[in-house]
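As stored in protein.txt (compact mmCIF, C-alpha atoms and all ligand atoms):
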# COMPACT_ATOMS: atom_id res chain seq x y z
CA MET A 153 107.75 124.38 98.90
CA HIS A 154 108.81 120.82 99.67
CA GLU A 155 109.77 119.85 96.13
CA LEU A 156 112.02 122.90 95.79
CA SER A 157 114.23 121.92 98.71
CA ILE A 158 114.26 118.32 97.47
CA ALA A 159 115.28 119.54 93.98
CA ALA A 160 118.06 121.65 95.51
CA SER A 161 119.33 118.58 97.37
CA ILE A 162 119.36 116.60 94.11
CA VAL A 163 121.40 119.35 92.41
CA GLU A 164 123.88 119.28 95.29
CA ALA A 165 124.19 115.49 95.39
CA VAL A 166 124.53 115.07 91.62
CA THR A 167 127.05 117.90 91.32
CA GLU A 168 129.13 116.20 93.99
CA SER A 169 129.01 112.78 92.27
CA ALA A 170 129.63 114.20 88.80
CA ALA A 171 132.81 115.91 90.01
CA ALA A 172 134.54 112.53 89.70
CA TYR A 173 134.11 112.80 85.91
CA PRO A 174 135.73 116.06 84.88
CA GLY A 175 134.69 117.36 81.48
CA ALA A 176 131.55 115.24 81.48
CA ARG A 177 128.05 116.71 81.19
CA VAL A 178 125.13 115.24 83.11
CA THR A 179 122.26 114.53 80.73
CA LYS A 180 119.91 112.46 82.86
CA VAL A 181 119.15 111.93 86.53
CA ARG A 182 117.06 108.91 87.50
CA LEU A 183 115.13 108.91 90.78
CA ARG A 184 113.21 106.29 92.73
CA VAL A 185 110.41 107.89 94.73
CA GLY A 186 108.03 105.97 96.99
CA ALA A 187 104.32 106.74 97.05
CA LEU A 188 104.61 107.66 100.75
CA ALA A 189 107.49 110.09 100.25
CA SER A 190 105.05 113.04 99.97
CA ILE A 191 106.36 114.06 96.55
CA VAL A 192 104.18 115.40 93.75
CA GLU A 193 105.84 114.31 90.52
CA ASP A 194 104.88 117.34 88.41
CA ALA A 195 105.89 119.75 91.15
CA LEU A 196 109.30 118.09 91.43
CA GLN A 197 109.80 118.30 87.62
CA PHE A 198 108.93 121.99 87.73
CA CYS A 199 111.24 122.64 90.70
CA TRP A 200 114.05 120.67 89.06
CA ASP A 201 114.07 123.11 86.13
CA LEU A 202 114.24 126.02 88.57
CA ALA A 203 116.88 124.49 90.83
CA SER A 204 119.18 123.31 88.04
CA GLU A 205 118.97 126.55 86.03
CA GLY A 206 122.31 128.34 85.96
CA THR A 207 124.17 125.26 87.21
CA PRO A 208 126.17 122.73 85.13
CA LEU A 209 123.12 120.46 85.45
CA ALA A 210 120.85 122.82 83.50
CA GLY A 211 119.03 120.94 80.75
CA ALA A 212 119.55 117.51 82.30
CA ALA A 213 116.41 115.39 82.25
CA LEU A 214 114.90 114.24 85.50
CA VAL A 215 113.39 110.76 85.18
CA ILE A 216 111.17 109.94 88.15
CA LYS A 217 110.19 106.36 88.80
CA MET A 218 107.26 106.30 91.25
CA LEU A 219 107.18 103.20 93.42
CA PRO A 220 103.93 101.81 94.84
CA VAL A 221 103.68 100.89 98.49
CA ILE A 222 104.51 97.27 99.31
CA VAL A 223 103.06 96.10 102.63
CA HIS A 224 104.14 93.15 104.70
CA CYS A 225 101.26 91.03 105.99
CA ASP A 226 102.05 88.90 109.04
CA ALA A 227 98.95 86.75 108.59
CA CYS A 228 99.85 85.80 105.01
CA GLY A 229 103.56 85.89 105.71
CA ALA A 230 104.15 87.73 102.46
CA ASP A 231 104.65 91.12 100.81
CA PHE A 232 101.97 92.66 98.59
CA GLU A 233 101.92 95.69 96.36
CA ILE A 234 98.93 97.90 97.15
CA GLU A 235 97.11 100.52 95.14
CA GLY A 236 97.21 104.07 96.44
CA VAL A 237 98.12 105.23 99.93
CA GLN A 238 94.72 105.46 101.62
CA THR A 239 94.98 102.26 103.62
CA LEU A 240 97.76 99.84 104.43
CA ARG A 241 95.67 96.68 104.28
CA CYS A 242 96.74 93.36 102.85
CA PRO A 243 94.99 92.99 99.49
CA ARG A 244 94.68 89.22 100.03
CA CYS A 245 93.25 88.90 103.56
CA GLY A 246 92.24 92.47 104.40
CA GLN A 247 94.29 92.70 107.59
CA LEU A 248 96.18 95.86 108.44
CA ALA A 249 99.81 95.51 107.47
CA ALA A 250 102.55 94.89 110.00
CA GLY A 251 104.84 97.25 108.15
CA ILE A 252 105.89 98.47 104.74
CA SER A 253 108.78 97.15 102.72
CA GLN A 254 108.58 99.82 100.03
CA GLY A 255 107.06 103.27 99.75
CA ARG A 256 109.26 105.78 101.56
CA GLU A 257 112.14 105.85 99.02
CA LEU A 258 113.63 109.18 98.03
CA GLU A 259 116.71 108.09 96.09
CA ILE A 260 118.93 108.97 93.20
CA GLU A 261 119.26 105.71 91.30
CA SER A 262 121.75 106.75 88.63
CA ILE A 263 123.02 109.57 86.51
CA GLU A 264 123.85 109.59 82.82
CA LEU A 265 126.88 111.52 81.63
CA GLU A 266 128.18 112.51 78.25
CA GLU A 267 131.95 112.50 78.21
CA PRO A 268 134.40 113.57 75.56
CA GLU A 269 136.28 110.62 73.98
CA ILE A 270 139.31 109.84 76.12
CA ALA A 271 142.87 109.70 74.88
CA GLU A 272 142.68 106.01 73.96
CA PRO A 273 142.60 106.49 70.17
CA LYS A 274 146.05 108.15 70.26
CA MET A 275 147.48 105.14 72.09
CA HIS A 276 145.99 102.89 69.41
CA GLN A 277 147.66 105.02 66.75
CA ALA A 278 150.95 104.79 68.55
CA LYS A 279 150.87 101.01 68.66
CA PRO A 280 151.14 100.23 64.95
CA VAL A 281 154.11 102.54 64.74
CA GLU A 282 155.89 100.56 67.42
CA GLU A 283 154.90 97.32 65.70
CA GLN A 284 156.31 98.58 62.42
CA ALA A 285 159.53 99.52 64.08
CA MET B 19 131.12 111.78 72.90
CA THR B 20 130.39 108.65 74.88
CA THR B 21 127.58 108.02 77.33
CA ARG B 22 128.33 106.70 80.76
CA ILE B 23 125.78 105.57 83.32
CA VAL B 24 126.84 105.84 86.96
CA GLU B 25 124.80 103.97 89.56
CA LEU B 26 124.49 106.16 92.65
CA ARG B 27 121.74 104.54 94.72
CA ARG B 28 121.97 107.22 97.37
CA GLY B 29 119.32 108.95 99.37
CA ILE B 30 118.50 112.42 98.09
CA LEU B 31 118.60 113.61 101.70
CA LYS B 32 121.69 111.57 102.61
CA LYS B 33 123.44 114.58 104.15
CA ASN B 34 120.49 115.26 106.45
CA ASP B 35 120.13 111.57 107.26
CA GLU B 36 123.80 111.30 108.24
CA LEU B 37 123.61 114.39 110.45
CA ALA B 38 120.42 113.06 112.03
CA ALA B 39 122.05 109.71 112.72
CA GLY B 40 124.86 111.55 114.50
CA LEU B 41 122.34 113.51 116.56
CA ARG B 42 120.44 110.35 117.44
CA LEU B 43 123.65 108.80 118.72
CA ARG B 44 124.35 111.90 120.80
CA PHE B 45 120.83 111.92 122.24
CA THR B 46 120.90 108.22 123.05
CA SER B 47 124.26 108.36 124.80
CA ALA B 48 123.15 111.45 126.75
CA GLY B 49 120.03 109.55 127.81
CA VAL B 50 117.61 112.21 126.59
CA LEU B 51 114.33 111.30 124.92
CA VAL B 52 113.83 113.50 121.87
CA LEU B 53 110.43 114.08 120.27
CA ASN B 54 109.60 115.86 117.01
CA LEU B 55 106.12 117.46 116.97
CA VAL B 56 104.58 117.89 113.53
CA SER B 57 101.23 119.35 112.46
CA SER B 58 99.51 122.10 110.47
CA PRO B 59 99.82 125.67 111.70
CA GLY B 60 97.25 126.23 114.46
CA THR B 61 96.70 122.61 115.47
CA GLY B 62 97.82 123.43 119.00
CA LYS B 63 101.44 122.20 119.10
CA THR B 64 102.60 125.11 121.24
CA ALA B 65 99.63 124.90 123.63
CA PHE B 66 100.07 121.11 123.96
CA LEU B 67 103.80 121.47 124.49
CA GLU B 68 103.35 124.28 127.02
CA LEU B 69 101.11 122.05 129.12
CA THR B 70 103.43 119.07 128.68
CA LEU B 71 106.40 121.13 129.91
CA ARG B 72 104.43 122.34 132.94
CA ARG B 73 103.31 118.85 133.84
CA LEU B 74 106.83 117.45 133.49
CA ARG B 75 108.16 120.22 135.69
CA GLU B 76 105.62 119.33 138.41
CA ARG B 77 106.99 115.80 138.24
CA LEU B 78 110.54 117.13 138.56
CA ALA B 79 111.49 115.85 135.12
CA LYS B 80 113.96 118.00 133.19
CA ALA B 81 112.70 119.07 129.80
CA ALA B 82 113.69 121.63 127.21
CA ALA B 83 112.29 122.68 123.85
CA LEU B 84 113.45 123.87 120.46
CA VAL B 85 110.71 125.57 118.51
CA GLY B 86 110.71 126.15 114.78
CA ASP B 87 108.81 128.95 113.08
CA LEU B 88 109.24 130.85 109.85
CA GLU B 89 109.58 134.13 111.78
CA THR B 90 109.00 135.55 115.31
CA ASP B 91 109.86 134.15 118.72
CA ASN B 92 106.28 134.29 120.02
CA ASP B 93 106.07 130.54 120.54
CA ALA B 94 109.41 130.42 122.37
CA ARG B 95 108.16 133.12 124.74
CA ARG B 96 104.90 131.24 125.35
CA LEU B 97 106.79 128.03 126.06
CA ALA B 98 109.39 129.70 128.28
CA ALA B 99 106.56 130.71 130.63
CA SER B 100 106.54 127.05 131.72
CA GLY B 101 110.00 127.63 133.21
CA ALA B 102 111.72 125.21 130.84
CA PRO B 103 114.71 126.29 128.73
CA VAL B 104 113.46 127.12 125.24
CA ARG B 105 115.24 128.13 122.08
CA GLN B 106 113.63 129.51 118.93
CA ILE B 107 114.70 128.39 115.48
CA ASN B 108 113.63 130.84 112.78
CA THR B 109 113.83 129.19 109.39
CA HIS B 110 113.18 132.43 107.41
CA GLY B 111 110.94 130.90 104.80
CA ILE B 112 112.04 127.27 104.92
CA CYS B 113 108.97 125.15 105.59
CA HIS B 114 110.57 122.49 107.81
CA LEU B 115 113.36 121.99 110.31
CA ASP B 116 116.37 119.91 109.31
CA ALA B 117 119.13 118.17 111.23
CA GLU B 118 121.61 120.96 110.52
CA MET B 119 119.36 123.60 112.13
CA VAL B 120 118.90 121.41 115.19
CA THR B 121 122.65 120.81 115.47
CA ARG B 122 123.37 124.51 115.16
CA HIS B 123 120.82 125.49 117.82
CA LEU B 124 122.10 122.92 120.30
CA GLU B 125 125.46 124.64 120.18
CA GLY B 126 126.08 127.39 122.70
CA TRP B 127 122.80 126.75 124.51
CA GLU B 128 124.08 127.60 127.93
CA GLU B 129 121.08 126.63 130.05
CA VAL B 130 121.01 123.17 128.54
CA SER B 131 123.34 120.23 128.81
CA LEU B 132 121.94 117.19 127.01
CA ALA B 133 123.28 114.84 129.66
CA ASP B 134 121.18 116.58 132.35
CA LEU B 135 117.95 116.49 130.32
CA ASP B 136 115.24 113.85 130.44
CA TYR B 137 113.26 115.19 127.47
CA LEU B 138 113.92 117.45 124.51
CA PHE B 139 110.89 118.49 122.46
CA ILE B 140 111.25 119.91 118.98
CA GLU B 141 108.20 121.80 117.71
CA ASN B 142 108.51 121.69 113.93
CA VAL B 143 107.37 124.43 111.55
CA GLY B 144 103.61 124.19 110.97
CA ASN B 145 103.41 122.00 107.87
CA LEU B 146 102.13 118.47 107.24
CA VAL B 147 104.22 117.64 104.19
CA CYS B 148 107.83 118.77 104.29
CA PRO B 149 108.82 117.82 107.85
CA SER B 150 107.98 114.18 107.15
CA SER B 151 111.07 113.83 104.91
CA TYR B 152 113.54 115.36 107.36
CA ASP B 153 114.87 113.20 110.17
CA LEU B 154 115.93 115.33 113.13
CA GLY B 155 117.47 112.48 115.09
CA GLU B 156 114.32 112.16 117.17
CA ARG B 157 113.32 108.94 118.90
CA ILE B 158 109.58 109.67 118.61
CA ARG B 159 107.84 111.55 115.84
CA VAL B 160 104.45 112.87 116.91
CA ALA B 161 101.80 113.81 114.36
CA LEU B 162 99.15 116.15 115.76
CA LEU B 163 95.71 116.82 114.37
CA SER B 164 92.97 118.97 115.90
CA VAL B 165 89.26 118.14 115.94
CA THR B 166 88.63 121.22 113.77
CA GLU B 167 90.75 119.97 110.87
CA GLY B 168 88.59 117.14 109.52
CA GLU B 169 88.81 113.42 110.16
CA ASP B 170 90.38 112.72 106.77
CA LYS B 171 93.64 114.60 107.43
CA PRO B 172 95.57 111.33 107.87
CA LEU B 173 94.36 110.16 104.45
CA LYS B 174 95.35 113.45 102.84
CA TYR B 175 98.81 113.42 104.43
CA PRO B 176 99.68 109.72 104.65
CA GLY B 177 103.43 110.39 104.42
CA LEU B 178 103.49 112.12 107.79
CA PHE B 179 101.11 109.84 109.65
CA ASN B 180 102.81 106.72 108.32
CA SER B 181 106.23 107.89 109.47
CA SER B 182 105.04 108.85 112.98
CA ASP B 183 105.34 106.90 116.21
CA ALA B 184 102.47 108.55 118.02
CA ALA B 185 99.44 110.61 117.05
CA VAL B 186 97.77 113.29 119.18
CA ILE B 187 94.25 114.56 118.53
CA THR B 188 94.16 118.06 120.04
CA LYS B 189 91.37 120.45 121.10
CA ILE B 190 89.19 117.53 122.15
CA ASP B 191 87.19 120.06 124.23
CA LEU B 192 85.84 121.33 120.88
CA ALA B 193 84.84 117.87 119.63
CA ALA B 194 81.10 118.26 120.24
CA PRO B 195 80.62 121.77 118.78
CA CYS B 196 82.68 120.73 115.75
CA GLY B 197 80.70 117.54 115.21
CA PHE B 198 83.95 115.63 115.33
CA ASN B 199 83.56 111.99 114.31
CA ARG B 200 85.97 110.32 116.71
CA GLU B 201 85.58 106.76 115.44
CA LEU B 202 86.29 107.85 111.88
CA ALA B 203 89.38 109.84 112.87
CA LEU B 204 90.81 106.96 114.88
CA ARG B 205 90.10 104.54 112.05
CA ASN B 206 91.74 106.79 109.45
CA ILE B 207 94.91 107.17 111.51
CA ASN B 208 95.07 103.43 112.04
CA GLU B 209 94.57 102.66 108.33
CA ILE B 210 97.70 104.69 107.50
CA CYS B 211 99.82 103.65 110.45
CA PRO B 212 98.50 100.41 111.89
CA GLY B 213 98.89 100.05 115.64
CA ILE B 214 100.14 103.63 116.24
CA ARG B 215 99.55 105.00 119.78
CA ILE B 216 96.84 107.67 119.70
CA PHE B 217 96.19 110.29 122.40
CA GLU B 218 93.14 112.56 122.66
CA THR B 219 94.00 115.75 124.49
CA SER B 220 92.91 119.26 125.33
CA ALA B 221 95.26 122.03 126.36
CA LYS B 222 92.22 123.90 127.70
CA THR B 223 90.88 121.20 130.06
CA GLY B 224 93.96 119.01 130.44
CA ALA B 225 92.04 115.98 129.16
CA GLY B 226 94.24 113.10 128.03
CA MET B 227 97.43 114.58 129.49
CA ASP B 228 97.84 111.84 132.12
CA GLU B 229 97.89 109.16 129.41
CA TRP B 230 100.35 111.24 127.38
CA LEU B 231 102.68 111.76 130.34
CA ALA B 232 102.52 108.07 131.22
CA TYR B 233 103.51 107.28 127.64
CA LEU B 234 106.47 109.68 127.82
CA ALA B 235 107.69 108.05 131.02
CA GLU B 236 107.23 104.59 129.52
CA VAL B 237 109.25 105.41 126.41
CA ALA B 238 111.94 107.17 128.47
CA ARG B 239 112.32 104.09 130.68
CA SER B 240 112.66 101.79 127.68
CA SER B 241 115.35 104.01 126.10
N1 LIG C 301 89.77 125.13 122.61
C1 LIG C 301 91.07 124.84 122.47
N2 LIG C 301 91.88 125.70 121.81
C2 LIG C 301 93.19 125.38 121.68
C3 LIG C 301 93.73 124.16 122.21
N3 LIG C 301 95.03 124.11 121.92
C4 LIG C 301 95.32 125.23 121.23
N4 LIG C 301 94.22 126.00 121.09
C5 LIG C 301 94.13 127.30 120.39
O1 LIG C 301 94.47 127.10 119.02
C6 LIG C 301 95.24 128.20 118.53
C7 LIG C 301 96.56 127.70 117.95
O2 LIG C 301 97.32 127.07 118.96
P1 LIG C 301 98.91 126.95 118.90
O3 LIG C 301 99.32 126.21 120.11
O4 LIG C 301 99.53 128.28 118.68
O5 LIG C 301 99.07 126.07 117.59
P2 LIG C 301 100.42 125.70 116.76
O6 LIG C 301 100.46 126.61 115.58
O7 LIG C 301 100.21 124.27 116.31
O8 LIG C 301 101.60 125.84 117.66
C8 LIG C 301 95.43 129.13 119.70
O9 LIG C 301 94.46 130.15 119.60
C9 LIG C 301 95.17 128.27 120.91
O10 LIG C 301 94.66 128.98 122.00
C10 LIG C 301 92.83 123.29 122.92
O11 LIG C 301 93.19 122.22 123.41
N5 LIG C 301 91.52 123.68 123.01
MG MG C 302 103.45 126.86 117.48
ZN ZN C 303 97.31 89.09 104.46
Represent the structure contained in this file as structure tokens.
Amino acid sequence: MHELSIAASIVEAVTESAAAYPGARVTKVRLRVGALASIVEDALQFCWDLASEGTPLAGAALVIKMLPVIVHCDACGADFEIEGVQTLRCPRCGQLAAGISQGRELEIESIELEEPEIAEPKMHQAKPVEEQA
Amino acid sequence: MTTRIVELRRGILKKNDELAAGLRLRFTSAGVLVLNLVSSPGTGKTAFLELTLRRLRERLAKAAALVGDLETDNDARRLAASGAPVRQINTHGICHLDAEMVTRHLEGWEEVSLADLDYLFIENVGNLVCPSSYDLGERIRVALLSVTEGEDKPLKYPGLFNSSDAAVITKIDLAAPCGFNRELALRNINEICPGIRIFETSAKTGAGMDEWLAYLAEVARSS
């Protein structure tokens, strides 16, 4: 299943990035997924639960932003968002597009972490003592 | 507890993409044209590739093939009959090839030195969805579709057809008995990937193979 290997890659990538924040817990993972990336949103959600189970990412929410295809039309010299993925025609003039400028994305946009409060408050407490001295 | 948001903006398949970029560099500097063949199981990838390898051999071009399947080395044995070096990649359940598998199977392949090859063909695991996300470092991705599969395949699997550089309609010898609507199939492919090169071939009769071989030579020259 396609979405399962994609989900496993997300677990791997996020685990790697989150390692820079020891003690933090990942609570949310935001994705950007193009309409031409061959991803079924529900299937990916389902596979995310499976793939993250038993890892430190278990319970983190997967937020999937689906991006429509944007075609570039040479005739109009402009980019247009199109509906669906059944034809890559310019919605203004009807010509077939010269290329796409959005639609194949398969990206992790950001992650949200919950971290324990850092040692700052102690330093603040120390300060007044010094000031008093 | 405090909440921190970390912008990553990285590809989910970044690792594969980086490996594939490395492979592409290797292939380019070795001067070998690499093609990734993708279709449903049974479309005729192996039959098409077998004939391609034979034809290239007649023309004294040096070609080799990596062939992906879930299990068995049947396809590798069929392809090896052409006389070309062939290596099987068994994915054991994984529904696509990735750049790591290709890298691993290029290692220790004694009959093959990339620098001596003109063409390397990679027959992907039969699947129209998953392989489209995995770059193998190929120069040309080929989507194949047989006349028995229905003219709307490109519309059902736009991700693959849109990411391909060439499309091959196989089993054209069966077009009439299958009531294949050629115009509709060509139009559907073109709607999803405007301007893509389309070949109509038969591994049974050899139809369309001259055009296909001319295309291979043309791309190889421009590499
Ligand atoms: N009539 C006809 N049959 C073909 C052609 N190409 C392949 N086949 C048959 O289709 C079946 C599947 O072919 P194969 O090459 O194994 O498909 P693959 O799974 O895509 O590698 C086999 O029974 C082939 O003999 C063709 O051009 N014409
Ligand atoms: Mg095969
Ligand atoms: Zn236009």
Using CA of Leu156 in chain A and CA of Leu154 in chain B as the two end points, give the distance in Å to one decimal.
->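 CA of Leu154 in chain B lies 19.3 Å from CA of Leu156 in chain A.
Any residue of chain B with an atom within 6 Å of chain A counts; using all atoms listed in the file, that gives Met19, Thr20, Thr21, Arg22, Ile23, Val24, Glu25, Leu26, Arg27, Arg28, Gly29, Ile30, Cys148, Leu173, Gly177, Glu209 and Ile210 of chain B.
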With all atoms listed in the file counted, collect every polymer residue having an atom within 9 Å of ligand ZN 303 (chain C); state the result as a VMD selection string.
-> chain A and resid 224 to 232 241 to 249
Contacts to ligand MG 302 (chain C) at 9 Å cut-off (only C-alpha atoms and all ligand atoms) as a list in words =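 Checking only C-alpha atoms and all ligand atoms against ligand MG 302 (chain C) at 9 Å gives Pro59, Gly60, Thr61, Gly62, Lys63, Thr64, Ala65, Leu67, Val85, Gly86, Asp87, Asn92, Asp93, Ala94, Glu141, Asn142, Val143 and Gly144 of chain B.
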Please produce an output containing C-alpha atoms for each residue in the selection, written as an mmCIF file, keeping the file's coordinate frame.
data_model
loop_
_atom_site.group_PDB
_atom_site.id
_atom_site.type_symbol
_atom_site.label_atom_id
_atom_site.label_comp_id
_atom_site.auth_asym_id
_atom_site.auth_seq_id
_atom_site.Cartn_x
_atom_site.Cartn_y
_atom_site.Cartn_z
ATOM 1 C CA PRO B 59 99.820 125.670 111.700
ATOM 2 C CA GLY B 60 97.250 126.230 114.460
ATOM 3 C CA THR B 61 96.700 122.610 115.470
ATOM 4 C CA GLY B 62 97.820 123.430 119.000
ATOM 5 C CA LYS B 63 101.440 122.200 119.100
ATOM 6 C CA THR B 64 102.600 125.110 121.240
ATOM 7 C CA ALA B 65 99.630 124.900 123.630
ATOM 8 C CA LEU B 67 103.800 121.470 124.490
ATOM 9 C CA VAL B 85 110.710 125.570 118.510
ATOM 10 C CA GLY B 86 110.710 126.150 114.780
ATOM 11 C CA ASP B 87 108.810 128.950 113.080
ATOM 12 C CA ASN B 92 106.280 134.290 120.020
ATOM 13 C CA ASP B 93 106.070 130.540 120.540
ATOM 14 C CA ALA B 94 109.410 130.420 122.370
ATOM 15 C CA GLU B 141 108.200 121.800 117.710
ATOM 16 C CA ASN B 142 108.510 121.690 113.930
ATOM 17 C CA VAL B 143 107.370 124.430 111.550
ATOM 18 C CA GLY B 144 103.610 124.190 110.970
#
Name all residues at most 10 Å from Gly226 in chain B (count only C-alpha atoms; drop same-chain ones fewer than 6 positions away) and give them as a ChimeraX atom specification.
-> /B:186-188,190,217-220
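Checking B:Leu71, B:Leu78, B:Ala161, B:Cys113 one by one against Ala99 in chain B, counting only C-alpha atoms, you find the shortest gap at B:Leu71.
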Taking every listed atom of ligand LIG 301 (chain C) and adding 5 Å to each side, what centre and edge lengths in Å (one decimal) does the axis-aligned box have, as AutoDock Vina command-line options?
--center_x 95.7 --center_y 126.2 --center_z 119.5 --size_x 21.8 --size_y 17.9 --size_z 17.8
Between atom O3 of ligand LIG 301 (chain C) and CA of Asn34 in chain B, what is the spacing in Å?
->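 Rounded to one decimal, the two atoms are 27.5 Å apart.
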Got a sec: who's within 6 Å of Val104 in chain B, counting all atoms listed in the file, leaving out chain neighbours fewer than 6 positions off, as a list in words?
->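 Here the answer would be Ala82, Ala83, Leu84, Ala94 and Ala98 of chain B.
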Looking at B:Val52, B:Val165, B:Leu69, B:Leu115, which one is nearest to Leu88 in chain B, with distances taken over all atoms listed in the file?
-> B:Leu115
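Taking CA of Ala184 in chain B and CA of Arg96 in chain B as the two end points, the separation is 24.0 Å.
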Kindly indicate which residue among A:Val192, A:Gly206, A:Cys199, A:Gln254 lies nearest to Ile222 in chain A, using all atoms listed in the file for the distances.
-> A:Gln254
Need to verify the contact set: Ser131 in chain B, 12 Å, all atoms listed in the file, exclusion of same-chain residues closer than 4 positions in sequence. Can you return it as a PDB file with C-alpha atoms, keeping the file's coordinate frame?
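Result saved to result17.pdb:
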ATOM      1  CA  ARG B  44     124.350 111.900 120.800  1.00  0.00           C
ATOM      2  CA  PHE B  45     120.830 111.920 122.240  1.00  0.00           C
ATOM      3  CA  ALA B  48     123.150 111.450 126.750  1.00  0.00           C
ATOM      4  CA  GLY B  49     120.030 109.550 127.810  1.00  0.00           C
ATOM      5  CA  VAL B  50     117.610 112.210 126.590  1.00  0.00           C
ATOM      6  CA  LYS B  80     113.960 118.000 133.190  1.00  0.00           C
ATOM      7  CA  ALA B  81     112.700 119.070 129.800  1.00  0.00           C
ATOM      8  CA  ALA B  82     113.690 121.630 127.210  1.00  0.00           C
ATOM      9  CA  PRO B 103     114.710 126.290 128.730  1.00  0.00           C
ATOM     10  CA  LEU B 124     122.100 122.920 120.300  1.00  0.00           C
ATOM     11  CA  GLU B 125     125.460 124.640 120.180  1.00  0.00           C
ATOM     12  CA  GLY B 126     126.080 127.390 122.700  1.00  0.00           C
ATOM     13  CA  TRP B 127     122.800 126.750 124.510  1.00  0.00           C
ATOM     14  CA  LEU B 135     117.950 116.490 130.320  1.00  0.00           C
ATOM     15  CA  ASP B 136     115.240 113.850 130.440  1.00  0.00           C
ATOM     16  CA  TYR B 137     113.260 115.190 127.470  1.00  0.00           C
ATOM     17  CA  LEU B 138     113.920 117.450 124.510  1.00  0.00           C
TER      18      LEU B 138
END
